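Inspection log for the structure reproduced underneath, given as C-alpha cells.
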Amino acid sequence: MLVPPPGHRVRDGEEARRTSGTPRPPSTDEVTRPRGTASPEEELVPGWQQQVVRHVVVDGGVLVGDDGSEGARAALRYAAEEAVRRRAPLHVLRAWSLATGEDPPDAERGYVPPLEDVEAATREVVRRRAAGLVEGPGLPVDDLRVHVAHAAPARALVEASSGADVLVVGTRGRGGFARLLLGSTADQCVRHAACPVVVVR
C-alpha cells in the first residue's frame with residue numbers, strides 16, 4: 001500500500017488531497033534527486049517538500065546512535081561517560097523515516113505531516129531523552145549535540161563516523177531477531193565505520 005505524501009489527508013473513497021494550502025513551486029536553485037534514486041516514500045513527495053537533513057557531519061567527539069530503544073539507552077549512557085572522560089562533545093544521532101519518525105504534537109488523525117514537521121518533532125524527542133540520560137555522567141549541556149537524519153540508520157551513522165573520534169551503538173535496536181548477537185545496524189557500523197566502534201550490550 002502506498003503511503004500518502006506529507007501534507008495529504010486520506011478520506012474514505014477519495015484519493016489523497018493536499019490540506020496544507022497552495023503548494024509553492026520549486027525554485028531554480030533547489031536540487032532534487034533524479035527519479036529512481038530515492039526511496040519509495042521519497043518518490044511520492046515533491047522535491048520542494050524534502051528540505052530535511054539527510055547527511056550529518058560531526059567535528060570530533062563521541063558519536064552515538066539512538067533509535068529510542070532500551071539498547072540505545074544503554075549506548076547513550078556509555079557514550080556520555082566516554083565523552084566526559086575524553087572531555088569531548090557528545091553527538092547523538094537519530095535516523096528516521098516517515099514510519100519511524102515522531103509525530104508532531106498538533107498532528108491530526110489521518111493526516112501525514114510534512115517531512116520538516118516530523119524532523120522537528122523527532123529532534124525534540126531525541127533532545128529531551130538525551131538531556132535526561134546525560135545528567136548522571138555529568139556531561140556539560142553545551143557538549144550535547146543532537147542530530148537527526150532522514151536516512152537508513154546504518155548509512156547515517158557510517159557517514160557521520162568519518163568525523164568522529166569513536167562511534168557507540170547498541171547491540172540491537174527496535175528491529176531484528178533476539179537470537180542474533182548483533183543487529184544489522186551495529187553489524188554494518190562495525191564493518192564500515194571510519195572510526196573505532198564500541199558496541200554496548
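By order of appearance in the C-alpha cells: chains A, B, ..., then residues from 1 within every chain, and ligands from 1 in the order shown.
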
| task | Please provide the set of residues having any atom within 8 Å of Leu133 (chain A), restricted to only C-alpha atoms, with same-chain residues fewer than 6 positions apart removed, written as an NGL selection string. | result | :A and (73 or 76-77)

| task | Between A:Val198, A:Ala120, A:Val64, A:Ala95, single out the one closest to Ala156 (chain A), counting only C-alpha atoms. | result |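 Result for the nearest residue to Ala156 (chain A): A:Ala95.
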
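Between Cys195 (chain A) and the candidates A:Asp142, A:Glu119, A:Asp165, A:Glu70, the tightest atom-to-atom separation, counting only C-alpha atoms, involves A:Asp165.
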
| field | Val146 (chain A) surroundings by only C-alpha atoms, 10 Å radius, close-in-sequence under 2 positions cut, as a ChimeraX atom specification | value | /A:63-64,90-94,123-124,126-128,130-131,143-144,148

| request: Using CA of Ala149 (chain A) and CA of Val197 (chain A) as the two end points, give the distance in Å to one decimal. | output: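 We find that CA of Ala149 (chain A) and CA of Val197 (chain A) lie 19.8 Å from each other.
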
| said: Considering only C-alpha atoms, can you say which of A:Ala88, A:Ala99, A:Val141, A:Leu157 comes closest to Asp59 (chain A)? | reply: A:Ala88

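Distance annotation: of A:Val112, A:Val125, A:Thr171, A:Gly183, the residue with the minimal separation from Arg201 (chain A) is A:Thr171; atom set is only C-alpha atoms.
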
| Closest of A:Val56, A:Val158, A:Val168, A:Arg145 to Ala74 (chain A) - atom-to-atom distances counting only C-alpha atoms |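 Checking each of A:Val56, A:Val158, A:Val168, A:Arg145 against Ala74 (chain A), counting only C-alpha atoms, the winner is A:Val168.
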
| DSSP helix (DSSP H, G or I) selection over region 44-128 of chain A, as an MDAnalysis selection string | chainID A and resid 47:49 70:86 115:128
